[in-house]
$ cat input-v2.txt   # compact mmCIF, N, CA and C atoms
# COMPACT_ATOMS: atom_id res chain seq x y z
N SER A 408 -2.01 -14.28 -17.71
CA SER A 408 -2.37 -15.11 -18.85
C SER A 408 -1.39 -16.28 -19.01
N ARG A 409 -0.20 -16.14 -18.45
CA ARG A 409 0.78 -17.23 -18.57
C ARG A 409 0.54 -18.35 -17.58
N ASN A 410 -0.07 -18.04 -16.45
CA ASN A 410 -0.30 -19.06 -15.43
C ASN A 410 -1.78 -19.36 -15.34
N LYS A 411 -2.17 -20.53 -15.75
CA LYS A 411 -3.59 -20.92 -15.77
C LYS A 411 -4.14 -21.19 -14.37
N ASN A 412 -3.24 -21.25 -13.35
CA ASN A 412 -3.67 -21.51 -11.98
C ASN A 412 -4.00 -20.23 -11.21
N VAL A 413 -3.83 -19.09 -11.86
CA VAL A 413 -4.10 -17.81 -11.22
C VAL A 413 -5.40 -17.24 -11.78
N ASN A 414 -6.27 -16.84 -10.88
CA ASN A 414 -7.55 -16.28 -11.28
C ASN A 414 -7.63 -14.84 -10.77
N PHE A 415 -7.57 -13.88 -11.67
CA PHE A 415 -7.69 -12.48 -11.28
C PHE A 415 -9.15 -12.08 -11.27
N ILE A 416 -9.54 -11.38 -10.19
CA ILE A 416 -10.93 -10.96 -10.02
C ILE A 416 -10.94 -9.44 -9.89
N LEU A 417 -11.69 -8.78 -10.74
CA LEU A 417 -11.84 -7.34 -10.68
C LEU A 417 -12.93 -7.01 -9.68
N GLY A 418 -12.66 -6.08 -8.77
CA GLY A 418 -13.67 -5.74 -7.78
C GLY A 418 -13.32 -4.47 -7.03
N ASP A 419 -14.24 -4.04 -6.22
CA ASP A 419 -14.11 -2.86 -5.38
C ASP A 419 -13.53 -3.31 -4.04
N LEU A 420 -12.45 -2.68 -3.58
CA LEU A 420 -11.82 -3.08 -2.32
C LEU A 420 -12.73 -2.92 -1.11
N THR A 421 -13.76 -2.10 -1.21
CA THR A 421 -14.67 -1.93 -0.07
C THR A 421 -15.84 -2.91 -0.12
N LYS A 422 -15.93 -3.69 -1.21
CA LYS A 422 -16.99 -4.69 -1.33
C LYS A 422 -16.50 -5.77 -2.31
N LEU A 423 -15.64 -6.64 -1.77
CA LEU A 423 -15.01 -7.66 -2.60
C LEU A 423 -16.02 -8.69 -3.08
N PRO A 424 -15.92 -9.10 -4.35
CA PRO A 424 -16.87 -10.07 -4.92
C PRO A 424 -16.46 -11.51 -4.60
N SER A 425 -16.31 -11.80 -3.30
CA SER A 425 -15.87 -13.12 -2.85
C SER A 425 -16.60 -13.50 -1.58
N GLU A 426 -16.72 -14.82 -1.37
CA GLU A 426 -17.37 -15.34 -0.16
C GLU A 426 -16.46 -15.14 1.05
N ASP A 427 -17.05 -15.20 2.24
CA ASP A 427 -16.27 -15.15 3.47
C ASP A 427 -15.24 -16.28 3.48
N THR A 428 -14.11 -16.01 4.07
CA THR A 428 -13.01 -16.98 4.25
C THR A 428 -12.66 -17.74 2.97
N SER A 429 -12.61 -17.05 1.84
CA SER A 429 -12.33 -17.67 0.54
C SER A 429 -10.85 -17.86 0.26
N PHE A 430 -9.98 -17.10 0.94
CA PHE A 430 -8.58 -17.08 0.54
C PHE A 430 -7.63 -17.40 1.67
N ASP A 431 -6.52 -18.02 1.29
CA ASP A 431 -5.41 -18.26 2.22
C ASP A 431 -4.49 -17.05 2.28
N LEU A 432 -4.45 -16.28 1.19
CA LEU A 432 -3.57 -15.14 1.09
C LEU A 432 -4.22 -14.04 0.27
N ALA A 433 -4.07 -12.82 0.76
CA ALA A 433 -4.50 -11.65 0.00
C ALA A 433 -3.35 -10.64 0.02
N ILE A 434 -3.17 -9.95 -1.09
CA ILE A 434 -2.13 -8.93 -1.20
C ILE A 434 -2.79 -7.62 -1.62
N CYS A 435 -2.52 -6.59 -0.86
CA CYS A 435 -3.05 -5.25 -1.16
C CYS A 435 -1.84 -4.34 -1.35
N SER A 436 -1.58 -3.97 -2.59
CA SER A 436 -0.35 -3.26 -2.92
C SER A 436 -0.64 -1.84 -3.41
N LEU A 437 -0.06 -0.87 -2.72
CA LEU A 437 -0.13 0.55 -3.09
C LEU A 437 -1.55 1.04 -3.29
N ALA A 438 -2.44 0.65 -2.39
CA ALA A 438 -3.85 1.03 -2.54
C ALA A 438 -4.42 1.77 -1.33
N LEU A 439 -4.06 1.37 -0.12
CA LEU A 439 -4.71 1.95 1.06
C LEU A 439 -4.49 3.45 1.19
N THR A 440 -3.36 3.94 0.71
CA THR A 440 -3.09 5.38 0.79
C THR A 440 -4.10 6.21 -0.01
N HIS A 441 -4.80 5.57 -0.93
CA HIS A 441 -5.78 6.30 -1.75
C HIS A 441 -7.16 6.34 -1.12
N PHE A 442 -7.31 5.73 0.05
CA PHE A 442 -8.58 5.74 0.79
C PHE A 442 -8.44 6.65 2.00
N GLN A 443 -9.33 7.61 2.12
CA GLN A 443 -9.27 8.50 3.28
C GLN A 443 -9.47 7.69 4.56
N GLN A 444 -10.38 6.75 4.52
CA GLN A 444 -10.62 5.84 5.63
C GLN A 444 -10.32 4.43 5.15
N MET A 445 -9.41 3.73 5.80
CA MET A 445 -9.04 2.39 5.35
C MET A 445 -9.84 1.30 6.05
N ASP A 446 -10.75 1.66 6.94
CA ASP A 446 -11.49 0.68 7.74
C ASP A 446 -12.31 -0.28 6.89
N LYS A 447 -13.06 0.22 5.91
CA LYS A 447 -13.89 -0.66 5.08
C LYS A 447 -13.04 -1.65 4.28
N VAL A 448 -11.91 -1.18 3.78
CA VAL A 448 -11.03 -2.05 3.01
C VAL A 448 -10.47 -3.16 3.89
N LEU A 449 -9.98 -2.80 5.07
CA LEU A 449 -9.43 -3.81 5.97
C LEU A 449 -10.50 -4.77 6.46
N ALA A 450 -11.70 -4.27 6.68
CA ALA A 450 -12.81 -5.16 7.06
C ALA A 450 -13.08 -6.18 5.96
N GLU A 451 -13.07 -5.73 4.71
CA GLU A 451 -13.31 -6.64 3.58
C GLU A 451 -12.18 -7.64 3.40
N LEU A 452 -10.96 -7.17 3.49
CA LEU A 452 -9.83 -8.08 3.35
C LEU A 452 -9.84 -9.13 4.47
N SER A 453 -10.13 -8.70 5.67
CA SER A 453 -10.22 -9.64 6.80
C SER A 453 -11.36 -10.64 6.59
N ARG A 454 -12.45 -10.17 6.06
CA ARG A 454 -13.62 -11.03 5.83
C ARG A 454 -13.32 -12.18 4.87
N VAL A 455 -12.55 -11.91 3.82
CA VAL A 455 -12.34 -12.93 2.79
C VAL A 455 -11.16 -13.86 3.07
N ILE A 456 -10.38 -13.56 4.12
CA ILE A 456 -9.24 -14.42 4.47
C ILE A 456 -9.67 -15.41 5.55
N ARG A 457 -9.28 -16.67 5.34
CA ARG A 457 -9.62 -17.70 6.33
C ARG A 457 -8.77 -17.51 7.58
N LYS A 458 -9.21 -18.06 8.71
CA LYS A 458 -8.45 -18.03 9.95
C LYS A 458 -7.10 -18.70 9.71
N GLY A 459 -6.03 -18.05 10.11
CA GLY A 459 -4.68 -18.58 9.88
C GLY A 459 -4.11 -18.17 8.54
N GLY A 460 -4.94 -17.55 7.67
CA GLY A 460 -4.48 -17.06 6.38
C GLY A 460 -3.70 -15.77 6.57
N HIS A 461 -3.11 -15.29 5.49
CA HIS A 461 -2.24 -14.13 5.59
C HIS A 461 -2.67 -12.99 4.66
N LEU A 462 -2.32 -11.80 5.09
CA LEU A 462 -2.54 -10.59 4.32
C LEU A 462 -1.22 -9.83 4.27
N VAL A 463 -0.82 -9.43 3.08
CA VAL A 463 0.38 -8.61 2.91
C VAL A 463 -0.07 -7.27 2.32
N ILE A 464 0.27 -6.21 3.01
CA ILE A 464 -0.10 -4.86 2.59
C ILE A 464 1.19 -4.08 2.35
N SER A 465 1.26 -3.42 1.21
CA SER A 465 2.38 -2.51 0.97
C SER A 465 1.81 -1.16 0.54
N ASP A 466 2.50 -0.12 0.93
CA ASP A 466 2.06 1.22 0.54
C ASP A 466 3.21 2.19 0.63
N ILE A 467 2.99 3.37 0.09
CA ILE A 467 3.97 4.45 0.20
C ILE A 467 4.10 4.79 1.69
N HIS A 468 5.30 5.09 2.12
CA HIS A 468 5.54 5.38 3.54
C HIS A 468 4.82 6.67 3.92
N PRO A 469 4.22 6.70 5.13
CA PRO A 469 3.44 7.89 5.52
C PRO A 469 4.24 9.19 5.56
N TRP A 470 5.51 9.16 5.88
CA TRP A 470 6.27 10.41 5.89
C TRP A 470 6.36 10.98 4.48
N LEU A 471 6.44 10.10 3.48
CA LEU A 471 6.53 10.55 2.10
C LEU A 471 5.20 11.16 1.64
N VAL A 472 4.11 10.57 2.11
CA VAL A 472 2.78 11.15 1.82
C VAL A 472 2.67 12.52 2.49
N ALA A 473 3.15 12.62 3.73
CA ALA A 473 3.09 13.89 4.46
C ALA A 473 3.87 15.00 3.75
N LEU A 474 4.92 14.61 3.02
CA LEU A 474 5.71 15.60 2.29
C LEU A 474 5.17 15.86 0.88
N GLY A 475 4.03 15.23 0.56
CA GLY A 475 3.41 15.50 -0.72
C GLY A 475 3.68 14.48 -1.80
N GLY A 476 4.29 13.35 -1.45
CA GLY A 476 4.56 12.31 -2.43
C GLY A 476 3.26 11.75 -3.01
N GLN A 477 3.16 11.74 -4.33
CA GLN A 477 1.95 11.24 -4.99
C GLN A 477 2.33 10.54 -6.29
N ALA A 478 1.50 9.60 -6.68
CA ALA A 478 1.68 8.94 -7.97
C ALA A 478 1.11 9.84 -9.06
N GLU A 479 1.90 10.02 -10.10
CA GLU A 479 1.40 10.84 -11.20
C GLU A 479 1.02 9.93 -12.37
N PHE A 480 0.16 10.43 -13.22
CA PHE A 480 -0.26 9.69 -14.40
C PHE A 480 -0.59 10.68 -15.50
N ARG A 481 -0.71 10.18 -16.69
CA ARG A 481 -1.16 10.99 -17.82
C ARG A 481 -2.46 10.38 -18.34
N ASP A 482 -3.45 11.23 -18.57
CA ASP A 482 -4.72 10.74 -19.10
C ASP A 482 -4.58 10.48 -20.60
N LYS A 483 -5.68 10.09 -21.24
CA LYS A 483 -5.67 9.75 -22.66
C LYS A 483 -5.20 10.90 -23.54
N LEU A 484 -5.38 12.13 -23.06
CA LEU A 484 -4.97 13.31 -23.83
C LEU A 484 -3.55 13.76 -23.47
N GLY A 485 -2.91 13.03 -22.56
CA GLY A 485 -1.55 13.38 -22.17
C GLY A 485 -1.46 14.38 -21.04
N LYS A 486 -2.61 14.77 -20.49
CA LYS A 486 -2.61 15.74 -19.39
C LYS A 486 -2.15 15.06 -18.10
N LEU A 487 -1.26 15.72 -17.36
CA LEU A 487 -0.70 15.20 -16.13
C LEU A 487 -1.71 15.30 -14.99
N GLY A 488 -1.82 14.23 -14.22
CA GLY A 488 -2.70 14.22 -13.06
C GLY A 488 -2.03 13.48 -11.91
N TYR A 489 -2.63 13.57 -10.75
CA TYR A 489 -2.10 12.92 -9.56
C TYR A 489 -3.21 12.15 -8.87
N VAL A 490 -2.86 11.01 -8.31
CA VAL A 490 -3.80 10.22 -7.53
C VAL A 490 -3.72 10.73 -6.09
N THR A 491 -4.84 11.05 -5.49
CA THR A 491 -4.86 11.58 -4.13
C THR A 491 -4.38 10.53 -3.13
N ASN A 492 -3.50 10.95 -2.24
CA ASN A 492 -3.01 10.09 -1.16
C ASN A 492 -3.47 10.67 0.18
N TYR A 493 -3.70 9.78 1.14
CA TYR A 493 -4.04 10.18 2.49
C TYR A 493 -3.02 9.59 3.45
N ILE A 494 -2.69 10.32 4.47
CA ILE A 494 -1.70 9.85 5.45
C ILE A 494 -2.34 8.86 6.40
N HIS A 495 -1.70 7.70 6.52
CA HIS A 495 -2.08 6.70 7.53
C HIS A 495 -0.82 6.38 8.33
N TRP A 496 -0.78 6.87 9.56
CA TRP A 496 0.38 6.64 10.41
C TRP A 496 0.40 5.19 10.87
N HIS A 497 1.52 4.75 11.37
CA HIS A 497 1.67 3.37 11.84
C HIS A 497 0.58 3.01 12.85
N SER A 498 0.29 3.93 13.75
CA SER A 498 -0.73 3.67 14.77
C SER A 498 -2.11 3.47 14.15
N ASP A 499 -2.41 4.16 13.05
CA ASP A 499 -3.68 3.97 12.35
C ASP A 499 -3.80 2.54 11.84
N TYR A 500 -2.72 2.06 11.21
CA TYR A 500 -2.71 0.69 10.72
C TYR A 500 -2.86 -0.30 11.87
N ILE A 501 -2.04 -0.15 12.90
CA ILE A 501 -2.03 -1.12 14.01
C ILE A 501 -3.39 -1.19 14.69
N ASN A 502 -4.01 -0.04 14.92
CA ASN A 502 -5.34 -0.03 15.55
C ASN A 502 -6.38 -0.70 14.65
N ALA A 503 -6.30 -0.46 13.35
CA ALA A 503 -7.24 -1.09 12.40
C ALA A 503 -7.00 -2.60 12.32
N PHE A 504 -5.74 -3.02 12.35
CA PHE A 504 -5.45 -4.45 12.31
C PHE A 504 -6.08 -5.14 13.52
N HIS A 505 -5.89 -4.55 14.68
CA HIS A 505 -6.46 -5.12 15.91
C HIS A 505 -7.99 -5.22 15.81
N LYS A 506 -8.60 -4.18 15.33
CA LYS A 506 -10.07 -4.14 15.20
C LYS A 506 -10.59 -5.24 14.29
N HIS A 507 -9.81 -5.62 13.27
CA HIS A 507 -10.28 -6.59 12.28
C HIS A 507 -9.61 -7.96 12.41
N ASN A 508 -9.15 -8.28 13.62
CA ASN A 508 -8.58 -9.59 13.92
C ASN A 508 -7.40 -9.97 13.03
N LEU A 509 -6.55 -9.01 12.76
CA LEU A 509 -5.36 -9.24 11.95
C LEU A 509 -4.13 -9.09 12.85
N LYS A 510 -3.45 -10.20 13.04
CA LYS A 510 -2.29 -10.24 13.93
C LYS A 510 -1.03 -9.82 13.16
N LEU A 511 -0.30 -8.88 13.72
CA LEU A 511 0.91 -8.37 13.08
C LEU A 511 2.02 -9.40 13.20
N ILE A 512 2.55 -9.81 12.04
CA ILE A 512 3.66 -10.75 11.99
C ILE A 512 4.98 -10.00 11.74
N GLN A 513 4.93 -9.04 10.83
CA GLN A 513 6.15 -8.32 10.48
C GLN A 513 5.81 -6.96 9.88
N CYS A 514 6.67 -5.99 10.14
CA CYS A 514 6.58 -4.67 9.53
C CYS A 514 7.94 -4.36 8.91
N LEU A 515 7.93 -4.06 7.63
CA LEU A 515 9.16 -3.76 6.91
C LEU A 515 9.10 -2.33 6.38
N GLU A 516 10.23 -1.65 6.38
CA GLU A 516 10.31 -0.29 5.86
C GLU A 516 11.55 -0.17 4.97
N PRO A 517 11.43 -0.65 3.70
CA PRO A 517 12.57 -0.53 2.80
C PRO A 517 12.96 0.93 2.60
N THR A 518 14.25 1.15 2.48
CA THR A 518 14.76 2.52 2.37
C THR A 518 15.18 2.87 0.95
N LEU A 519 15.29 4.16 0.72
CA LEU A 519 15.75 4.65 -0.57
C LEU A 519 17.24 4.34 -0.70
N GLU A 520 17.56 3.56 -1.71
CA GLU A 520 18.95 3.16 -1.96
C GLU A 520 19.49 3.96 -3.15
N PRO A 521 20.81 3.92 -3.35
CA PRO A 521 21.37 4.67 -4.47
C PRO A 521 20.69 4.37 -5.82
N LYS A 522 20.28 3.13 -6.05
CA LYS A 522 19.64 2.78 -7.31
C LYS A 522 18.27 3.42 -7.50
N HIS A 523 17.68 3.96 -6.41
CA HIS A 523 16.36 4.59 -6.48
C HIS A 523 16.43 6.10 -6.66
N VAL A 524 17.61 6.67 -6.56
CA VAL A 524 17.75 8.13 -6.57
C VAL A 524 17.20 8.74 -7.85
N LYS A 525 17.50 8.15 -9.00
CA LYS A 525 17.02 8.71 -10.27
C LYS A 525 15.49 8.75 -10.30
N LEU A 526 14.84 7.70 -9.80
CA LEU A 526 13.37 7.68 -9.73
C LEU A 526 12.87 8.76 -8.77
N ALA A 527 13.51 8.89 -7.62
CA ALA A 527 13.09 9.89 -6.63
C ALA A 527 13.32 11.31 -7.14
N GLN A 528 14.27 11.47 -8.05
CA GLN A 528 14.62 12.79 -8.58
C GLN A 528 13.53 13.33 -9.51
N GLN A 529 12.71 12.45 -10.07
CA GLN A 529 11.67 12.90 -11.01
C GLN A 529 10.74 13.88 -10.32
N GLY A 530 10.43 14.93 -11.00
CA GLY A 530 9.51 15.94 -10.44
C GLY A 530 10.23 17.04 -9.68
N PHE A 531 11.53 16.85 -9.43
CA PHE A 531 12.31 17.87 -8.74
C PHE A 531 13.31 18.47 -9.72
N ASN A 532 13.58 19.75 -9.57
CA ASN A 532 14.62 20.39 -10.36
C ASN A 532 15.88 20.44 -9.50
N LEU A 533 16.31 19.23 -9.07
CA LEU A 533 17.46 19.11 -8.18
C LEU A 533 18.44 18.09 -8.75
N SER A 534 19.69 18.23 -8.40
CA SER A 534 20.70 17.27 -8.86
C SER A 534 20.51 15.94 -8.13
N SER A 535 21.02 14.88 -8.73
CA SER A 535 20.92 13.56 -8.09
C SER A 535 21.70 13.57 -6.78
N LYS A 536 22.78 14.34 -6.70
CA LYS A 536 23.55 14.44 -5.46
C LYS A 536 22.71 15.06 -4.34
N THR A 537 21.95 16.09 -4.67
CA THR A 537 21.09 16.75 -3.68
C THR A 537 19.97 15.81 -3.22
N VAL A 538 19.34 15.14 -4.18
CA VAL A 538 18.26 14.20 -3.83
C VAL A 538 18.80 13.07 -2.97
N ALA A 539 19.96 12.53 -3.33
CA ALA A 539 20.57 11.45 -2.55
C ALA A 539 20.88 11.92 -1.13
N ALA A 540 21.43 13.13 -0.99
CA ALA A 540 21.77 13.64 0.33
C ALA A 540 20.52 13.82 1.19
N ALA A 541 19.41 14.23 0.57
CA ALA A 541 18.18 14.50 1.31
C ALA A 541 17.39 13.24 1.64
N LEU A 542 17.37 12.26 0.73
CA LEU A 542 16.43 11.14 0.88
C LEU A 542 17.06 9.77 1.08
N GLN A 543 18.29 9.58 0.66
CA GLN A 543 18.89 8.26 0.74
C GLN A 543 18.91 7.76 2.19
N GLY A 544 18.47 6.53 2.38
CA GLY A 544 18.42 5.93 3.70
C GLY A 544 17.09 6.08 4.41
N LEU A 545 16.21 6.95 3.88
CA LEU A 545 14.89 7.11 4.49
C LEU A 545 13.93 6.04 3.95
N PRO A 546 12.95 5.63 4.76
CA PRO A 546 12.00 4.61 4.28
C PRO A 546 11.10 5.16 3.18
N ILE A 547 10.89 4.36 2.14
CA ILE A 547 10.05 4.79 1.03
C ILE A 547 8.75 4.00 0.95
N ALA A 548 8.72 2.88 1.63
CA ALA A 548 7.51 2.04 1.61
C ALA A 548 7.27 1.50 3.01
N LEU A 549 6.05 1.04 3.19
CA LEU A 549 5.65 0.42 4.45
C LEU A 549 4.99 -0.90 4.07
N ILE A 550 5.53 -1.99 4.58
CA ILE A 550 5.01 -3.31 4.25
C ILE A 550 4.61 -4.03 5.53
N TRP A 551 3.38 -4.50 5.55
CA TRP A 551 2.84 -5.22 6.70
C TRP A 551 2.56 -6.67 6.31
N VAL A 552 2.98 -7.61 7.15
CA VAL A 552 2.64 -9.01 6.97
C VAL A 552 1.77 -9.38 8.17
N LEU A 553 0.56 -9.85 7.86
CA LEU A 553 -0.45 -10.09 8.90
C LEU A 553 -1.00 -11.51 8.80
N GLU A 554 -1.53 -11.98 9.91
CA GLU A 554 -2.21 -13.28 9.94
C GLU A 554 -3.60 -13.07 10.50
N LYS A 555 -4.58 -13.70 9.88
CA LYS A 555 -5.97 -13.61 10.38
C LYS A 555 -6.10 -14.45 11.62
N ALA A 556 -6.46 -13.81 12.73
CA ALA A 556 -6.61 -14.50 14.02
C ALA A 556 -7.93 -15.23 14.11

$ encode --input "input-v2.txt" --output "structure tokens"
Amino acid sequence: SRNKNVNFILGDLTKLPSEDTSFDLAICSLALTHFQQMDKVLAELSRVIRKGGHLVISDIHPWLVALGGQAEFRDKLGKLGYVTNYIHWHSDYINAFHKHNLKLIQCLEPTLEPKHVKLAQQGFNLSSKTVAAALQGLPIALIWVLEKA
């Protein structure tokens, strides 16, 4: 609402409400892990990006998903729930990128730093020292920077 040059569009990631080659840049943040099959989403994102345009994808790191990492939420009644995550290994992403004409520019894997330990500790009945010893230095996210070929 503060920037009049930004237009947010609500839509389904498997059927985006946009014309082909409409965008120079698309960002998909913390979403692909919630799709059992990411092919339709990547096909749609590729469809709406112009040739030479870019796509940035970020998600929870697959090893963390494999260990049961999930986003939790509370519904309107305060009941705790979890959003289902699916494991997508690096090879799954790379093969899908190739299939949808998305050229890999960069892959980043930010790690758990000391400032993240308190957040990582949530949901565990473990000391911050134990969580830090177990997780510090491991990748917590997977970020892909792609160009539409």

$ residues_around --input "input-v2.txt" --residues "segment 415-427 of chain A" --least-positions-apart "4" --cutoff "7 Å" --atoms "all atoms listed in the file" --output "NGL selection string"
:A and (447-449 or 451-452 or 454-457)

$ select_by_dssp --input "input-v2.txt" --residues "segment 458-546 of chain A" --states "alpha helix (DSSP H)" --output "PyMOL selection string"
chain A and resi 469-473+497-506+524-528+535-542

$ write_last_selection --input "input-v2.txt" --atoms "N, CA and C atoms" --output "compact mmCIF listing (two decimals), in the frame of the given file"
# COMPACT_ATOMS: atom_id res chain seq x y z
N PRO A 469 4.22 6.70 5.13
CA PRO A 469 3.44 7.89 5.52
C PRO A 469 4.24 9.19 5.56
N TRP A 470 5.51 9.16 5.88
CA TRP A 470 6.27 10.41 5.89
C TRP A 470 6.36 10.98 4.48
N LEU A 471 6.44 10.10 3.48
CA LEU A 471 6.53 10.55 2.10
C LEU A 471 5.20 11.16 1.64
N VAL A 472 4.11 10.57 2.11
CA VAL A 472 2.78 11.15 1.82
C VAL A 472 2.67 12.52 2.49
N ALA A 473 3.15 12.62 3.73
CA ALA A 473 3.09 13.89 4.46
C ALA A 473 3.87 15.00 3.75
N HIS A 497 1.52 4.75 11.37
CA HIS A 497 1.67 3.37 11.84
C HIS A 497 0.58 3.01 12.85
N SER A 498 0.29 3.93 13.75
CA SER A 498 -0.73 3.67 14.77
C SER A 498 -2.11 3.47 14.15
N ASP A 499 -2.41 4.16 13.05
CA ASP A 499 -3.68 3.97 12.35
C ASP A 499 -3.80 2.54 11.84
N TYR A 500 -2.72 2.06 11.21
CA TYR A 500 -2.71 0.69 10.72
C TYR A 500 -2.86 -0.30 11.87
N ILE A 501 -2.04 -0.15 12.90
CA ILE A 501 -2.03 -1.12 14.01
C ILE A 501 -3.39 -1.19 14.69
N ASN A 502 -4.01 -0.04 14.92
CA ASN A 502 -5.34 -0.03 15.55
C ASN A 502 -6.38 -0.70 14.65
N ALA A 503 -6.30 -0.46 13.35
CA ALA A 503 -7.24 -1.09 12.40
C ALA A 503 -7.00 -2.60 12.32
N PHE A 504 -5.74 -3.02 12.35
CA PHE A 504 -5.45 -4.45 12.31
C PHE A 504 -6.08 -5.14 13.52
N HIS A 505 -5.89 -4.55 14.68
CA HIS A 505 -6.46 -5.12 15.91
C HIS A 505 -7.99 -5.22 15.81
N LYS A 506 -8.60 -4.18 15.33
CA LYS A 506 -10.07 -4.14 15.20
C LYS A 506 -10.59 -5.24 14.29
N VAL A 524 17.61 6.67 -6.56
CA VAL A 524 17.75 8.13 -6.57
C VAL A 524 17.20 8.74 -7.85
N LYS A 525 17.50 8.15 -9.00
CA LYS A 525 17.02 8.71 -10.27
C LYS A 525 15.49 8.75 -10.30
N LEU A 526 14.84 7.70 -9.80
CA LEU A 526 13.37 7.68 -9.73
C LEU A 526 12.87 8.76 -8.77
N ALA A 527 13.51 8.89 -7.62
CA ALA A 527 13.09 9.89 -6.63
C ALA A 527 13.32 11.31 -7.14
N GLN A 528 14.27 11.47 -8.05
CA GLN A 528 14.62 12.79 -8.58
C GLN A 528 13.53 13.33 -9.51
N SER A 535 21.02 14.88 -8.73
CA SER A 535 20.92 13.56 -8.09
C SER A 535 21.70 13.57 -6.78
N LYS A 536 22.78 14.34 -6.70
CA LYS A 536 23.55 14.44 -5.46
C LYS A 536 22.71 15.06 -4.34
N THR A 537 21.95 16.09 -4.67
CA THR A 537 21.09 16.75 -3.68
C THR A 537 19.97 15.81 -3.22
N VAL A 538 19.34 15.14 -4.18
CA VAL A 538 18.26 14.20 -3.83
C VAL A 538 18.80 13.07 -2.97
N ALA A 539 19.96 12.53 -3.33
CA ALA A 539 20.57 11.45 -2.55
C ALA A 539 20.88 11.92 -1.13
N ALA A 540 21.43 13.13 -0.99
CA ALA A 540 21.77 13.64 0.33
C ALA A 540 20.52 13.82 1.19
N ALA A 541 19.41 14.23 0.57
CA ALA A 541 18.18 14.50 1.31
C ALA A 541 17.39 13.24 1.64
N LEU A 542 17.37 12.26 0.73
CA LEU A 542 16.43 11.14 0.88
C LEU A 542 17.06 9.77 1.08

$ select_by_dssp --input "input-v2.txt" --residues "chain A" --states "strand (DSSP E or B)" --output "number ranges by chain"
A: 419, 422, 430-436, 456-467, 479-481, 487-489, 509-515, 518, 546, 548-555

$ residues_around --input "input-v2.txt" --residues "segment 510-526 of chain A" --least-positions-apart "2" --cutoff "6 Å" --atoms "only N, CA and C atoms" --output "mmCIF file with N, CA and C atoms, in the frame of the given file"
data_model
loop_
_atom_site.group_PDB
_atom_site.id
_atom_site.type_symbol
_atom_site.label_atom_id
_atom_site.label_comp_id
_atom_site.auth_asym_id
_atom_site.auth_seq_id
_atom_site.Cartn_x
_atom_site.Cartn_y
_atom_site.Cartn_z
ATOM 1 N N PHE A 504 -5.740 -3.020 12.350
ATOM 2 C CA PHE A 504 -5.450 -4.450 12.310
ATOM 3 C C PHE A 504 -6.080 -5.140 13.520
ATOM 4 N N ASN A 508 -9.150 -8.280 13.620
ATOM 5 C CA ASN A 508 -8.580 -9.590 13.920
ATOM 6 C C ASN A 508 -7.400 -9.970 13.030
ATOM 7 N N GLN A 528 14.270 11.470 -8.050
ATOM 8 C CA GLN A 528 14.620 12.790 -8.580
ATOM 9 C C GLN A 528 13.530 13.330 -9.510
ATOM 10 N N GLN A 529 12.710 12.450 -10.070
ATOM 11 C CA GLN A 529 11.670 12.900 -11.010
ATOM 12 C C GLN A 529 10.740 13.880 -10.320
ATOM 13 N N ALA A 539 19.960 12.530 -3.330
ATOM 14 C CA ALA A 539 20.570 11.450 -2.550
ATOM 15 C C ALA A 539 20.880 11.920 -1.130
ATOM 16 N N LEU A 542 17.370 12.260 0.730
ATOM 17 C CA LEU A 542 16.430 11.140 0.880
ATOM 18 C C LEU A 542 17.060 9.770 1.080
ATOM 19 N N GLN A 543 18.290 9.580 0.660
ATOM 20 C CA GLN A 543 18.890 8.260 0.740
ATOM 21 C C GLN A 543 18.910 7.760 2.190
ATOM 22 N N GLY A 544 18.470 6.530 2.380
ATOM 23 C CA GLY A 544 18.420 5.930 3.700
ATOM 24 C C GLY A 544 17.090 6.080 4.410
ATOM 25 N N LEU A 545 16.210 6.950 3.880
ATOM 26 C CA LEU A 545 14.890 7.110 4.490
ATOM 27 C C LEU A 545 13.930 6.040 3.950
ATOM 28 N N PRO A 546 12.950 5.630 4.760
ATOM 29 C CA PRO A 546 12.000 4.610 4.280
ATOM 30 C C PRO A 546 11.100 5.160 3.180
ATOM 31 N N ILE A 547 10.890 4.360 2.140
ATOM 32 C CA ILE A 547 10.050 4.790 1.030
ATOM 33 C C ILE A 547 8.750 4.000 0.950
ATOM 34 N N ALA A 548 8.720 2.880 1.630
ATOM 35 C CA ALA A 548 7.510 2.040 1.610
ATOM 36 C C ALA A 548 7.270 1.500 3.010
ATOM 37 N N LEU A 549 6.050 1.040 3.190
ATOM 38 C CA LEU A 549 5.650 0.420 4.450
ATOM 39 C C LEU A 549 4.990 -0.900 4.070
ATOM 40 N N ILE A 550 5.530 -1.990 4.580
ATOM 41 C CA ILE A 550 5.010 -3.310 4.250
ATOM 42 C C ILE A 550 4.610 -4.030 5.530
ATOM 43 N N TRP A 551 3.380 -4.500 5.550
ATOM 44 C CA TRP A 551 2.840 -5.220 6.700
ATOM 45 C C TRP A 551 2.560 -6.670 6.310
ATOM 46 N N VAL A 552 2.980 -7.610 7.150
ATOM 47 C CA VAL A 552 2.640 -9.010 6.970
ATOM 48 C C VAL A 552 1.770 -9.380 8.170
ATOM 49 N N LEU A 553 0.560 -9.850 7.860
ATOM 50 C CA LEU A 553 -0.450 -10.090 8.900
ATOM 51 C C LEU A 553 -1.000 -11.510 8.800
ATOM 52 N N GLU A 554 -1.530 -11.980 9.910
ATOM 53 C CA GLU A 554 -2.210 -13.280 9.940
ATOM 54 C C GLU A 554 -3.600 -13.070 10.500
ATOM 55 N N LYS A 555 -4.580 -13.700 9.880
ATOM 56 C CA LYS A 555 -5.970 -13.610 10.380
ATOM 57 C C LYS A 555 -6.100 -14.450 11.620
ATOM 58 N N ALA A 556 -6.460 -13.810 12.730
ATOM 59 C CA ALA A 556 -6.610 -14.500 14.020
ATOM 60 C C ALA A 556 -7.930 -15.230 14.110
#

$ atom_distance --input "input-v2.txt" --atom1 "atom C of Tyr489 of chain A" --atom2 "atom C of Ile434 of chain A"
21.1 Å

$ closest_residue --input "input-v2.txt" --among "A:Thr537, A:Thr491, A:Asn412, A:Asn532" --to "Ala438 of chain A" --atoms "only C-alpha atoms"
A:Thr491
